[in-house]
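This is data_31.cif. It holds mmCIF, C-alpha atoms (C1' of nucleotides).
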```
data_query
loop_
_atom_site.group_PDB
_atom_site.id
_atom_site.type_symbol
_atom_site.label_atom_id
_atom_site.label_comp_id
_atom_site.auth_asym_id
_atom_site.auth_seq_id
_atom_site.Cartn_x
_atom_site.Cartn_y
_atom_site.Cartn_z
ATOM 1 C CA MET A 1 3.529 -3.145 -0.870
ATOM 2 C CA LEU A 2 1.059 -5.597 -2.467
ATOM 3 C CA LYS A 3 -0.757 -6.040 0.818
ATOM 4 C CA ILE A 4 -4.436 -6.482 1.480
ATOM 5 C CA THR A 5 -5.861 -3.966 3.961
ATOM 6 C CA ARG A 6 -7.011 -4.737 7.480
ATOM 7 C CA LYS A 7 -10.484 -3.869 6.278
ATOM 8 C CA VAL A 8 -10.431 -6.777 3.836
ATOM 9 C CA GLU A 9 -8.752 -8.981 6.402
ATOM 10 C CA TYR A 10 -11.456 -8.230 8.985
ATOM 11 C CA ALA A 11 -14.143 -8.753 6.367
ATOM 12 C CA LEU A 12 -12.800 -12.210 5.506
ATOM 13 C CA ILE A 13 -12.443 -13.230 9.139
ATOM 14 C CA ALA A 14 -16.010 -12.108 9.818
ATOM 15 C CA LEU A 15 -17.411 -13.854 6.747
ATOM 16 C CA ARG A 16 -15.806 -17.109 7.743
ATOM 17 C CA HIS A 17 -17.014 -16.775 11.305
ATOM 18 C CA ILE A 18 -20.572 -16.042 10.205
ATOM 19 C CA GLN A 19 -20.547 -18.967 7.796
ATOM 20 C CA ASN A 20 -19.286 -21.401 10.401
ATOM 21 C CA ASN A 21 -21.872 -20.257 12.919
ATOM 22 C CA SER A 22 -24.266 -22.865 14.297
ATOM 23 C CA SER A 23 -27.256 -22.918 11.966
ATOM 24 C CA GLY A 24 -30.364 -21.030 12.933
ATOM 25 C CA THR A 25 -28.561 -18.289 14.817
ATOM 26 C CA VAL A 26 -26.856 -15.156 13.655
ATOM 27 C CA ALA A 27 -23.407 -13.835 14.621
ATOM 28 C CA SER A 28 -23.252 -10.384 16.198
ATOM 29 C CA THR A 29 -20.624 -7.718 15.642
ATOM 30 C CA LYS A 30 -19.707 -7.859 19.301
ATOM 31 C CA GLU A 31 -19.196 -11.598 19.263
ATOM 32 C CA ILE A 32 -16.909 -11.438 16.233
ATOM 33 C CA ALA A 33 -15.023 -8.372 17.484
ATOM 34 C CA THR A 34 -14.222 -9.891 20.847
ATOM 35 C CA THR A 35 -13.360 -13.303 19.415
ATOM 36 C CA TYR A 36 -10.680 -11.929 17.084
ATOM 37 C CA GLY A 37 -9.672 -8.704 18.840
ATOM 38 C CA ILE A 38 -11.082 -6.451 16.123
ATOM 39 C CA PRO A 39 -12.179 -2.875 17.044
ATOM 40 C CA HIS A 40 -15.935 -3.117 17.441
ATOM 41 C CA GLN A 41 -17.003 0.076 15.666
ATOM 42 C CA LEU A 42 -14.667 -0.547 12.779
ATOM 43 C CA LEU A 43 -15.954 -4.065 12.304
ATOM 44 C CA ALA A 44 -19.512 -2.748 12.501
ATOM 45 C CA LYS A 45 -18.895 -0.455 9.542
ATOM 46 C CA ILE A 46 -17.352 -3.256 7.524
ATOM 47 C CA LEU A 47 -20.264 -5.584 8.225
ATOM 48 C CA GLN A 48 -22.684 -2.833 7.241
ATOM 49 C CA GLN A 49 -20.847 -2.409 3.972
ATOM 50 C CA MET A 50 -20.968 -6.130 3.296
ATOM 51 C CA GLY A 51 -24.681 -5.937 4.025
ATOM 52 C CA ARG A 52 -25.132 -3.204 1.426
ATOM 53 C CA GLU A 53 -23.160 -5.312 -1.043
ATOM 54 C CA GLY A 54 -25.555 -8.209 -0.526
ATOM 55 C CA LEU A 55 -22.994 -10.567 0.966
ATOM 56 C CA ILE A 56 -24.669 -10.793 4.349
ATOM 57 C CA SER A 57 -27.989 -9.710 5.817
ATOM 58 C CA ALA A 58 -28.700 -8.167 9.200
ATOM 59 C CA VAL A 59 -31.135 -8.973 11.964
ATOM 60 C CA LYS A 60 -31.690 -5.953 14.192
ATOM 61 C CA GLY A 61 -32.417 -5.740 17.889
ATOM 62 C CA PRO A 62 -31.404 -7.941 20.811
ATOM 63 C CA ASN A 63 -30.020 -11.326 19.727
ATOM 64 C CA GLY A 64 -29.494 -9.731 16.349
ATOM 65 C CA GLY A 65 -26.519 -10.100 14.067
ATOM 66 C CA TYR A 66 -25.634 -11.233 10.578
ATOM 67 C CA LYS A 67 -26.045 -14.280 8.393
ATOM 68 C CA ILE A 68 -24.690 -15.136 4.952
ATOM 69 C CA SER A 69 -27.009 -14.123 2.144
ATOM 70 C CA ALA A 70 -24.930 -14.748 -0.977
ATOM 71 C CA ASN A 71 -23.485 -17.868 -2.544
ATOM 72 C CA LEU A 72 -19.821 -17.416 -1.698
ATOM 73 C CA ASN A 73 -18.933 -20.042 -4.249
ATOM 74 C CA GLU A 74 -20.081 -17.787 -7.046
ATOM 75 C CA ILE A 75 -18.154 -14.714 -5.923
ATOM 76 C CA SER A 76 -14.493 -14.378 -6.880
ATOM 77 C CA LEU A 77 -11.899 -12.909 -4.601
ATOM 78 C CA LYS A 78 -11.363 -10.190 -7.189
ATOM 79 C CA ASP A 79 -15.027 -9.182 -7.078
ATOM 80 C CA PHE A 80 -14.978 -9.296 -3.297
ATOM 81 C CA PHE A 81 -11.873 -7.083 -3.123
ATOM 82 C CA GLU A 82 -13.487 -4.614 -5.491
ATOM 83 C CA LYS A 83 -16.723 -4.574 -3.489
ATOM 84 C CA ILE A 84 -14.773 -3.747 -0.337
ATOM 85 C CA GLU A 85 -11.894 -1.599 -1.591
ATOM 86 C CA GLY A 86 -12.752 -0.472 -5.094
ATOM 87 C CA PRO A 87 -10.871 -1.017 -8.360
ATOM 88 C CA LEU A 88 -8.041 -3.533 -8.196
ATOM 89 C CA GLY A 89 -4.785 -2.803 -9.998
ATOM 90 C CA LEU A 90 -1.039 -2.748 -9.460
ATOM 91 C CA MET A 91 -0.979 0.898 -10.496
ATOM 92 C CA ASP A 92 -3.671 3.556 -10.564
ATOM 93 C CA CYS A 93 -3.236 4.028 -14.302
ATOM 94 C CA TYR A 94 -4.985 0.699 -14.813
ATOM 95 C CA PHE A 95 -8.368 2.325 -14.235
ATOM 96 C CA ASN A 96 -7.509 6.003 -13.905
ATOM 97 C CA SER A 97 -5.874 7.391 -17.004
ATOM 98 C CA ASP A 98 -5.119 10.937 -15.876
ATOM 99 C CA CYS A 99 -1.475 10.145 -15.354
ATOM 100 C CA ASN A 100 0.187 13.241 -16.729
ATOM 101 C CA GLN A 101 3.066 13.116 -14.289
ATOM 102 C CA LEU A 102 4.792 10.367 -16.194
ATOM 103 C CA LYS A 103 4.719 11.935 -19.608
ATOM 104 C CA ALA A 104 6.058 9.009 -21.520
ATOM 105 C CA CYS A 105 5.690 5.937 -19.315
ATOM 106 C CA ASN A 106 7.855 3.235 -20.818
ATOM 107 C CA ILE A 107 6.531 0.328 -18.761
ATOM 108 C CA LEU A 108 2.795 0.720 -19.261
ATOM 109 C CA THR A 109 2.298 -2.230 -21.593
ATOM 110 C CA PRO A 110 4.322 -4.805 -19.635
ATOM 111 C CA ILE A 111 2.822 -3.651 -16.340
ATOM 112 C CA GLN A 112 -0.679 -4.021 -17.753
ATOM 113 C CA ARG A 113 0.175 -7.601 -18.664
ATOM 114 C CA ILE A 114 1.390 -8.430 -15.159
ATOM 115 C CA ASN A 115 -1.618 -6.642 -13.762
ATOM 116 C CA GLN A 116 -3.969 -8.774 -15.808
ATOM 117 C CA ASN A 117 -2.212 -11.879 -14.529
ATOM 118 C CA MET A 118 -2.821 -10.757 -10.968
ATOM 119 C CA ARG A 119 -6.474 -9.991 -11.638
ATOM 120 C CA ASP A 120 -6.832 -13.416 -13.251
ATOM 121 C CA LEU A 121 -5.333 -15.055 -10.183
ATOM 122 C CA PHE A 122 -7.904 -13.466 -7.898
ATOM 123 C CA SER A 123 -10.671 -14.033 -10.437
ATOM 124 C CA LYS A 124 -10.230 -17.781 -10.441
ATOM 125 C CA THR A 125 -10.328 -18.012 -6.656
ATOM 126 C CA SER A 126 -13.736 -18.007 -4.981
ATOM 127 C CA LEU A 127 -14.576 -16.436 -1.657
ATOM 128 C CA GLN A 128 -15.695 -19.862 -0.501
ATOM 129 C CA GLU A 129 -12.108 -21.099 -0.752
ATOM 130 C CA ILE A 130 -11.238 -18.778 2.109
ATOM 131 C CA THR A 131 -14.360 -19.019 4.215
ATOM 132 C CA GLN A 132 -15.049 -22.732 4.012
ATOM 133 C CA MET B 1 -4.671 -2.089 -1.911
ATOM 134 C CA LEU B 2 -2.451 -4.597 -3.751
ATOM 135 C CA LYS B 3 -0.549 -1.777 -5.418
ATOM 136 C CA ILE B 4 3.112 -1.513 -6.201
ATOM 137 C CA THR B 5 4.753 1.614 -4.803
ATOM 138 C CA ARG B 6 5.999 4.568 -6.829
ATOM 139 C CA LYS B 7 9.458 3.602 -5.719
ATOM 140 C CA VAL B 8 9.175 0.277 -7.550
ATOM 141 C CA GLU B 9 7.467 1.986 -10.462
ATOM 142 C CA TYR B 10 10.308 4.511 -10.789
ATOM 143 C CA ALA B 11 12.869 1.741 -10.433
ATOM 144 C CA LEU B 12 11.301 -0.225 -13.297
ATOM 145 C CA ILE B 13 11.038 2.821 -15.531
ATOM 146 C CA ALA B 14 14.680 3.672 -14.851
ATOM 147 C CA LEU B 15 15.873 0.115 -15.438
ATOM 148 C CA ARG B 16 14.134 -0.042 -18.770
ATOM 149 C CA HIS B 17 15.491 3.343 -19.779
ATOM 150 C CA ILE B 18 19.036 2.395 -18.823
ATOM 151 C CA GLN B 19 18.772 -0.909 -20.674
ATOM 152 C CA ASN B 20 17.475 0.725 -23.839
ATOM 153 C CA ASN B 21 20.204 3.359 -23.774
ATOM 154 C CA SER B 22 22.488 3.585 -26.778
ATOM 155 C CA SER B 23 25.378 1.245 -26.081
ATOM 156 C CA GLY B 24 28.637 2.629 -24.807
ATOM 157 C CA THR B 25 27.062 5.473 -22.854
ATOM 158 C CA VAL B 26 25.493 5.610 -19.436
ATOM 159 C CA ALA B 27 22.169 7.169 -18.444
ATOM 160 C CA SER B 28 22.238 9.865 -15.787
ATOM 161 C CA THR B 29 19.743 10.425 -13.005
ATOM 162 C CA LYS B 30 18.940 13.847 -14.405
ATOM 163 C CA GLU B 31 18.230 12.493 -17.878
ATOM 164 C CA ILE B 32 15.851 9.854 -16.545
ATOM 165 C CA ALA B 33 14.179 12.197 -14.078
ATOM 166 C CA THR B 34 13.420 14.849 -16.681
ATOM 167 C CA THR B 35 12.313 12.340 -19.308
ATOM 168 C CA TYR B 36 9.625 10.804 -17.089
ATOM 169 C CA GLY B 37 8.862 13.642 -14.686
ATOM 170 C CA ILE B 38 10.282 11.840 -11.660
ATOM 171 C CA PRO B 39 11.602 13.908 -8.701
ATOM 172 C CA HIS B 40 15.361 14.001 -9.209
ATOM 173 C CA GLN B 41 16.539 13.425 -5.638
ATOM 174 C CA LEU B 42 14.077 10.635 -5.101
ATOM 175 C CA LEU B 43 15.147 8.856 -8.255
ATOM 176 C CA ALA B 44 18.770 9.328 -7.226
ATOM 177 C CA LYS B 45 18.194 7.415 -4.011
ATOM 178 C CA ILE B 46 16.410 4.624 -5.832
ATOM 179 C CA LEU B 47 19.224 4.279 -8.357
ATOM 180 C CA GLN B 48 21.748 4.223 -5.526
ATOM 181 C CA GLN B 49 19.820 1.428 -3.888
ATOM 182 C CA MET B 50 19.713 -0.540 -7.132
ATOM 183 C CA GLY B 51 23.461 0.010 -7.341
ATOM 184 C CA ARG B 52 23.964 -1.460 -3.879
ATOM 185 C CA GLU B 53 21.789 -4.408 -4.895
ATOM 186 C CA GLY B 54 24.039 -5.073 -7.868
ATOM 187 C CA LEU B 55 21.415 -4.408 -10.502
ATOM 188 C CA ILE B 56 23.209 -1.420 -11.985
ATOM 189 C CA SER B 57 26.625 0.170 -11.607
ATOM 190 C CA ALA B 58 27.545 3.834 -11.389
ATOM 191 C CA VAL B 59 30.023 6.013 -13.215
ATOM 192 C CA LYS B 60 30.811 9.136 -11.200
ATOM 193 C CA GLY B 61 31.672 12.605 -12.354
ATOM 194 C CA PRO B 62 30.638 14.636 -15.412
ATOM 195 C CA ASN B 63 29.070 12.481 -18.121
ATOM 196 C CA GLY B 64 28.507 9.914 -15.418
ATOM 197 C CA GLY B 65 25.438 7.805 -14.858
ATOM 198 C CA TYR B 66 24.382 4.192 -14.643
ATOM 199 C CA LYS B 67 24.540 1.044 -16.725
ATOM 200 C CA ILE B 68 23.006 -2.402 -16.234
ATOM 201 C CA SER B 69 25.279 -4.801 -14.384
ATOM 202 C CA ALA B 70 23.047 -7.815 -13.785
ATOM 203 C CA ASN B 71 21.383 -10.318 -16.082
ATOM 204 C CA LEU B 72 17.790 -9.180 -15.830
ATOM 205 C CA ASN B 73 16.653 -12.441 -17.335
ATOM 206 C CA GLU B 74 17.818 -14.309 -14.267
ATOM 207 C CA ILE B 75 16.094 -12.066 -11.736
ATOM 208 C CA SER B 76 12.434 -12.632 -10.941
ATOM 209 C CA LEU B 77 10.001 -9.838 -10.292
ATOM 210 C CA LYS B 78 9.505 -11.274 -6.810
ATOM 211 C CA ASP B 79 13.230 -11.003 -6.043
ATOM 212 C CA PHE B 80 13.302 -7.502 -7.502
ATOM 213 C CA PHE B 81 10.343 -6.388 -5.394
ATOM 214 C CA GLU B 82 11.990 -7.807 -2.298
ATOM 215 C CA LYS B 83 15.296 -6.095 -3.098
ATOM 216 C CA ILE B 84 13.522 -2.759 -3.380
ATOM 217 C CA GLU B 85 10.711 -3.007 -0.836
ATOM 218 C CA GLY B 86 11.517 -5.921 1.447
ATOM 219 C CA PRO B 87 9.470 -9.059 2.189
ATOM 220 C CA LEU B 88 6.524 -9.654 -0.106
ATOM 221 C CA GLY B 89 3.253 -10.899 1.340
ATOM 222 C CA LEU B 90 -0.467 -10.186 1.349
ATOM 223 C CA MET B 91 -0.361 -9.853 5.133
ATOM 224 C CA ASP B 92 2.473 -9.130 7.525
ATOM 225 C CA CYS B 93 1.923 -12.411 9.318
ATOM 226 C CA TYR B 94 3.456 -14.171 6.334
ATOM 227 C CA PHE B 95 6.946 -13.237 7.487
ATOM 228 C CA ASN B 96 6.303 -11.587 10.858
ATOM 229 C CA SER B 97 4.609 -13.867 13.317
ATOM 230 C CA ASP B 98 4.090 -11.503 16.258
ATOM 231 C CA CYS B 99 0.422 -11.111 15.461
ATOM 232 C CA ASN B 100 -1.121 -11.219 18.913
ATOM 233 C CA GLN B 101 -3.930 -8.842 18.035
ATOM 234 C CA LEU B 102 -5.861 -11.512 16.205
ATOM 235 C CA LYS B 103 -5.831 -14.144 18.889
ATOM 236 C CA ALA B 104 -7.408 -16.878 16.873
ATOM 237 C CA CYS B 105 -7.100 -15.927 13.209
ATOM 238 C CA ASN B 106 -9.450 -18.176 11.291
ATOM 239 C CA ILE B 107 -8.211 -17.364 7.796
ATOM 240 C CA LEU B 108 -4.474 -17.887 8.204
ATOM 241 C CA THR B 109 -4.227 -21.147 6.273
ATOM 242 C CA PRO B 110 -6.314 -20.130 3.242
ATOM 243 C CA ILE B 111 -4.629 -16.720 3.089
ATOM 244 C CA GLN B 112 -1.208 -18.356 3.122
ATOM 245 C CA ARG B 113 -2.286 -20.437 0.131
ATOM 246 C CA ILE B 114 -3.423 -17.400 -1.838
ATOM 247 C CA ASN B 115 -0.279 -15.616 -0.789
ATOM 248 C CA GLN B 116 1.879 -18.404 -2.133
ATOM 249 C CA ASN B 117 0.006 -18.229 -5.429
ATOM 250 C CA MET B 118 0.814 -14.532 -5.673
ATOM 251 C CA ARG B 119 4.472 -15.085 -4.847
ATOM 252 C CA ASP B 120 4.580 -17.829 -7.493
ATOM 253 C CA LEU B 121 3.121 -15.465 -10.055
ATOM 254 C CA PHE B 122 5.868 -12.905 -9.493
ATOM 255 C CA SER B 123 8.485 -15.637 -9.216
ATOM 256 C CA LYS B 124 7.843 -16.936 -12.688
ATOM 257 C CA THR B 125 8.085 -13.495 -14.269
ATOM 258 C CA SER B 126 11.554 -12.122 -14.984
ATOM 259 C CA LEU B 127 12.596 -8.504 -14.740
ATOM 260 C CA GLN B 128 13.578 -8.717 -18.386
ATOM 261 C CA GLU B 129 9.918 -9.192 -19.322
ATOM 262 C CA ILE B 130 9.278 -5.651 -18.152
ATOM 263 C CA THR B 131 12.453 -3.934 -19.240
ATOM 264 C CA GLN B 132 12.905 -5.488 -22.668
ATOM 265 C "C1'" DT C 1 44.547 22.923 -10.206
ATOM 266 C "C1'" DC C 2 39.965 24.732 -10.380
ATOM 267 C "C1'" DT C 3 35.202 24.222 -11.599
ATOM 268 C "C1'" DA C 4 31.113 22.164 -12.992
ATOM 269 C "C1'" DT C 5 28.676 18.029 -12.808
ATOM 270 C "C1'" DA C 6 27.562 13.625 -11.169
ATOM 271 C "C1'" DT C 7 26.839 9.971 -7.595
ATOM 272 C "C1'" DA C 8 26.326 8.745 -2.155
ATOM 273 C "C1'" DC C 9 23.568 8.989 1.738
ATOM 274 C "C1'" DG C 10 21.575 10.078 6.325
ATOM 275 C "C1'" DA C 11 18.042 13.039 8.247
ATOM 276 C "C1'" DT C 12 13.848 15.225 7.966
ATOM 277 C "C1'" DA C 13 9.407 17.034 6.136
ATOM 278 C "C1'" DA C 14 5.095 16.659 3.585
ATOM 279 C "C1'" DT C 15 1.470 14.047 1.838
ATOM 280 C "C1'" DT C 16 -1.580 10.304 1.344
ATOM 281 C "C1'" DT C 17 -3.641 6.248 2.832
ATOM 282 C "C1'" DT C 18 -5.229 3.364 6.271
ATOM 283 C "C1'" DA C 19 -7.117 2.544 10.745
ATOM 284 C "C1'" DG C 20 -9.959 3.684 14.368
ATOM 285 C "C1'" DT C 21 -13.395 6.666 17.138
ATOM 286 C "C1'" DC C 22 -17.545 9.524 18.152
ATOM 287 C "C1'" DG C 23 -22.179 10.787 18.189
ATOM 288 C "C1'" DT C 24 -26.657 9.964 16.926
ATOM 289 C "C1'" DA C 25 -30.535 7.498 14.823
ATOM 290 C "C1'" DT C 26 -33.392 3.417 14.210
ATOM 291 C "C1'" DA C 27 -35.171 -1.264 15.051
ATOM 292 C "C1'" DT C 28 -36.834 -4.923 18.111
ATOM 293 C "C1'" DA C 29 -36.929 -8.672 21.707
ATOM 294 C "C1'" DA C 30 -38.209 -9.215 26.292
ATOM 295 C "C1'" DT D 1 -40.049 0.805 28.549
ATOM 296 C "C1'" DT D 2 -35.462 -0.722 28.502
ATOM 297 C "C1'" DA D 3 -31.515 -2.988 26.948
ATOM 298 C "C1'" DT D 4 -29.219 -4.406 22.945
ATOM 299 C "C1'" DA D 5 -28.267 -4.531 18.245
ATOM 300 C "C1'" DT D 6 -27.577 -2.526 13.504
ATOM 301 C "C1'" DA D 7 -26.962 2.075 10.391
ATOM 302 C "C1'" DC D 8 -24.145 5.701 9.129
ATOM 303 C "C1'" DG D 9 -21.913 10.289 8.441
ATOM 304 C "C1'" DA D 10 -18.229 13.023 10.394
ATOM 305 C "C1'" DC D 11 -14.075 13.205 12.472
ATOM 306 C "C1'" DT D 12 -9.357 11.939 14.481
ATOM 307 C "C1'" DA D 13 -5.151 9.203 14.846
ATOM 308 C "C1'" DA D 14 -1.597 6.510 13.140
ATOM 309 C "C1'" DA D 15 1.171 4.563 9.728
ATOM 310 C "C1'" DA D 16 3.128 4.259 5.303
ATOM 311 C "C1'" DT D 17 4.548 6.491 1.322
ATOM 312 C "C1'" DT D 18 6.527 10.205 -1.190
ATOM 313 C "C1'" DA D 19 9.540 13.966 -1.505
ATOM 314 C "C1'" DT D 20 13.143 17.322 0.022
ATOM 315 C "C1'" DC D 21 17.422 19.072 2.349
ATOM 316 C "C1'" DG D 22 22.134 19.318 3.354
ATOM 317 C "C1'" DT D 23 26.542 17.664 2.893
ATOM 318 C "C1'" DA D 24 30.239 14.641 1.193
ATOM 319 C "C1'" DT D 25 32.924 12.452 -2.467
ATOM 320 C "C1'" DA D 26 34.501 11.479 -7.184
ATOM 321 C "C1'" DT D 27 36.102 12.971 -11.766
ATOM 322 C "C1'" DA D 28 36.116 14.952 -16.574
ATOM 323 C "C1'" DG D 29 37.597 18.854 -18.790
ATOM 324 C "C1'" DA D 30 39.191 23.711 -19.141
#
```
Can the structure in the file be given as structure tokens, please?
Amino acid sequence: MLKITRKVEYALIALRHIQNNSSGTVASTKEIATTYGIPHQLLAKILQQMGREGLISAVKGPNGGYKISANLNEISLKDFFEKIEGPLGLMDCYFNSDCNQLKACNILTPIQRINQNMRDLFSKTSLQEITQ
Amino acid sequence: MLKITRKVEYALIALRHIQNNSSGTVASTKEIATTYGIPHQLLAKILQQMGREGLISAVKGPNGGYKISANLNEISLKDFFEKIEGPLGLMDCYFNSDCNQLKACNILTPIQRINQNMRDLFSKTSLQEITQ
DNA sequence: TCTATATACGATAATTTTAGTCGTATATAA
DNA sequence: TTATATACGACTAAAATTATCGTATATAGA
């Protein structure tokens, strides 16, 4: 409960690795996968997604790989989580209101408050604070 | 990702219902289950667990049910979550260090910091703030 | 004392989510 | 032309969550 997924974990590890790479060169999927023991194909898909989200950009072909293409200081952890995993909330009812199972939920209001606190926490933390 | 489980959700709903019950009487599993559309047997197990944890106490037999037996003001949401779902952390490596898959995790330190922030958030919120 | 109703609880099944793999296409440096 | 790298949809496997089953025990009330 209240865990980040491996997908996000791998994404963060990769971002940090790419950022710390010696300047001028790019970091390949293979290099990152073998360094941290991450399944290659899985990491590839995650890097591709981060590419589509504008966080990194790819160089194709031999000696190819990825480099950072966004200012990680301007992106909050909340935005990053939502780019990678979609809407962020303690309960689905935060963004999906078709909760007919619980006819008369008696904890909606207080949960929304806690939820907002959690979103605020991740909003005030930048990606850079993890990758620097 | 970063969701609470239904188990915790049901537990909170039940706690609030029991607390708001007219004084002198107890609230039964059946009453709570039908009110909120929660599977009866599942709720029963959750209430039993909360009983074992000392949060509520049971009255057996016809007209039986549960009443609050702890001071919910003195119990943090973090402690409650851990009573119901076990150790609370963004990643397993927070409390389980046999992470040999990621040989050289490069985000451990920053993740631990974020993790502590999240634990602090739930530590400074009391159960009473949700059930009152 | 008998019966209906309620909690107690381990075992198991179903479902959903997460994690990982496969196959194929495209780009490019050497 | 070949080896190596990204791109990506479809699929499979594994793990976690959610729910059910069966049986035992307690007790209020007829």
**Report entry** chain D contacts to chain B at 12 Å (all atoms listed in the file) as number ranges by chain
**Finding:** D: 16-21, 25-29
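Residues matched by the PyMOL selection byres ((chain C and resi 24) around 10) in this file: C:DC22, C:DG23, C:DA25, C:DT26, D:DC8, D:DG9.
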Report task. Show which residues sit within 12 Å of Glu31 of chain A, as a list of chain:residue names. Count all atoms listed in the file, and ignore same-chain residues fewer than 2 positions away. Result -> A:Ala14, A:His17, A:Ile18, A:Asn21, A:Val26, A:Ala27, A:Ser28, A:Thr29, A:Ala33, A:Thr34, A:Thr35, A:Tyr36, A:Gly37, A:Ile38, A:Pro39, A:His40, A:Leu43, A:Ala44, A:Asn63, A:Gly64, A:Gly65, A:Tyr66, D:DA5
Requested in this report: Report as a ChimeraX atom specification the set of chain A residues whose atoms approach chain B to within 8 Å, with distances computed over all atoms listed in the file.
Outcome: /A:1-5,12-13,16-17,35-38,85,88-91,101-107,110-111,117-118,121,129-131
Output C-alpha atoms for every residue in that selection, as a CSV table (one decimal), in the frame of the given file.
```csv
chain,number,residue,atom,x,y,z
A,1,MET,CA,3.5,-3.1,-0.9
A,2,LEU,CA,1.1,-5.6,-2.5
A,3,LYS,CA,-0.8,-6.0,0.8
A,4,ILE,CA,-4.4,-6.5,1.5
A,5,THR,CA,-5.9,-4.0,4.0
A,12,LEU,CA,-12.8,-12.2,5.5
A,13,ILE,CA,-12.4,-13.2,9.1
A,16,ARG,CA,-15.8,-17.1,7.7
A,17,HIS,CA,-17.0,-16.8,11.3
A,35,THR,CA,-13.4,-13.3,19.4
A,36,TYR,CA,-10.7,-11.9,17.1
A,37,GLY,CA,-9.7,-8.7,18.8
A,38,ILE,CA,-11.1,-6.5,16.1
A,85,GLU,CA,-11.9,-1.6,-1.6
A,88,LEU,CA,-8.0,-3.5,-8.2
A,89,GLY,CA,-4.8,-2.8,-10.0
A,90,LEU,CA,-1.0,-2.7,-9.5
A,91,MET,CA,-1.0,0.9,-10.5
A,101,GLN,CA,3.1,13.1,-14.3
A,102,LEU,CA,4.8,10.4,-16.2
A,103,LYS,CA,4.7,11.9,-19.6
A,104,ALA,CA,6.1,9.0,-21.5
A,105,CYS,CA,5.7,5.9,-19.3
A,106,ASN,CA,7.9,3.2,-20.8
A,107,ILE,CA,6.5,0.3,-18.8
A,110,PRO,CA,4.3,-4.8,-19.6
A,111,ILE,CA,2.8,-3.7,-16.3
A,117,ASN,CA,-2.2,-11.9,-14.5
A,118,MET,CA,-2.8,-10.8,-11.0
A,121,LEU,CA,-5.3,-15.1,-10.2
A,129,GLU,CA,-12.1,-21.1,-0.8
A,130,ILE,CA,-11.2,-18.8,2.1
A,131,THR,CA,-14.4,-19.0,4.2
```
Report task. Using the chain letters and residue numbers of this document, give as a PyMOL selection string the residues selected by the PyMOL selection byres ((chain C) within 7 of (chain A)). Result -> chain C and resi 20+27-29
Requested in this report: Using atom CA of Asp120 of chain B and atom CA of Leu55 of chain B as the two end points, give the distance in Å to one decimal.
Outcome: 21.7 Å
Requested in this report: Would you kindly translate the PyMOL selection byres ((chain D and resi 12) around 9) into the concrete residues it picks from this file, as a PyMOL selection string?
Outcome: (chain C and resi 20-21) or (chain D and resi 11+13)
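Our summary of the geometry notes that atom CA of Gln116 of chain A is positioned 25.2 Å from atom C1' of DT18 of chain C.
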Query - Between atom CA of Ile84 of chain B and atom CA of Gln49 of chain B, distance in Å (one decimal) - result: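 Atom-to-atom, atom CA of Ile84 of chain B to atom CA of Gln49 of chain B, that is 7.6 Å.
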Draw an axis-aligned box tight on the listed atoms of segment 2-20 of chain B, then pad every side by 6 Å and write out centre and edge lengths in Å to one decimal as AutoDock Vina command-line options.
```
--center_x 8.3 --center_y 0.0 --center_z -13.8 --size_x 33.5 --size_y 21.2 --size_z 32.1
```
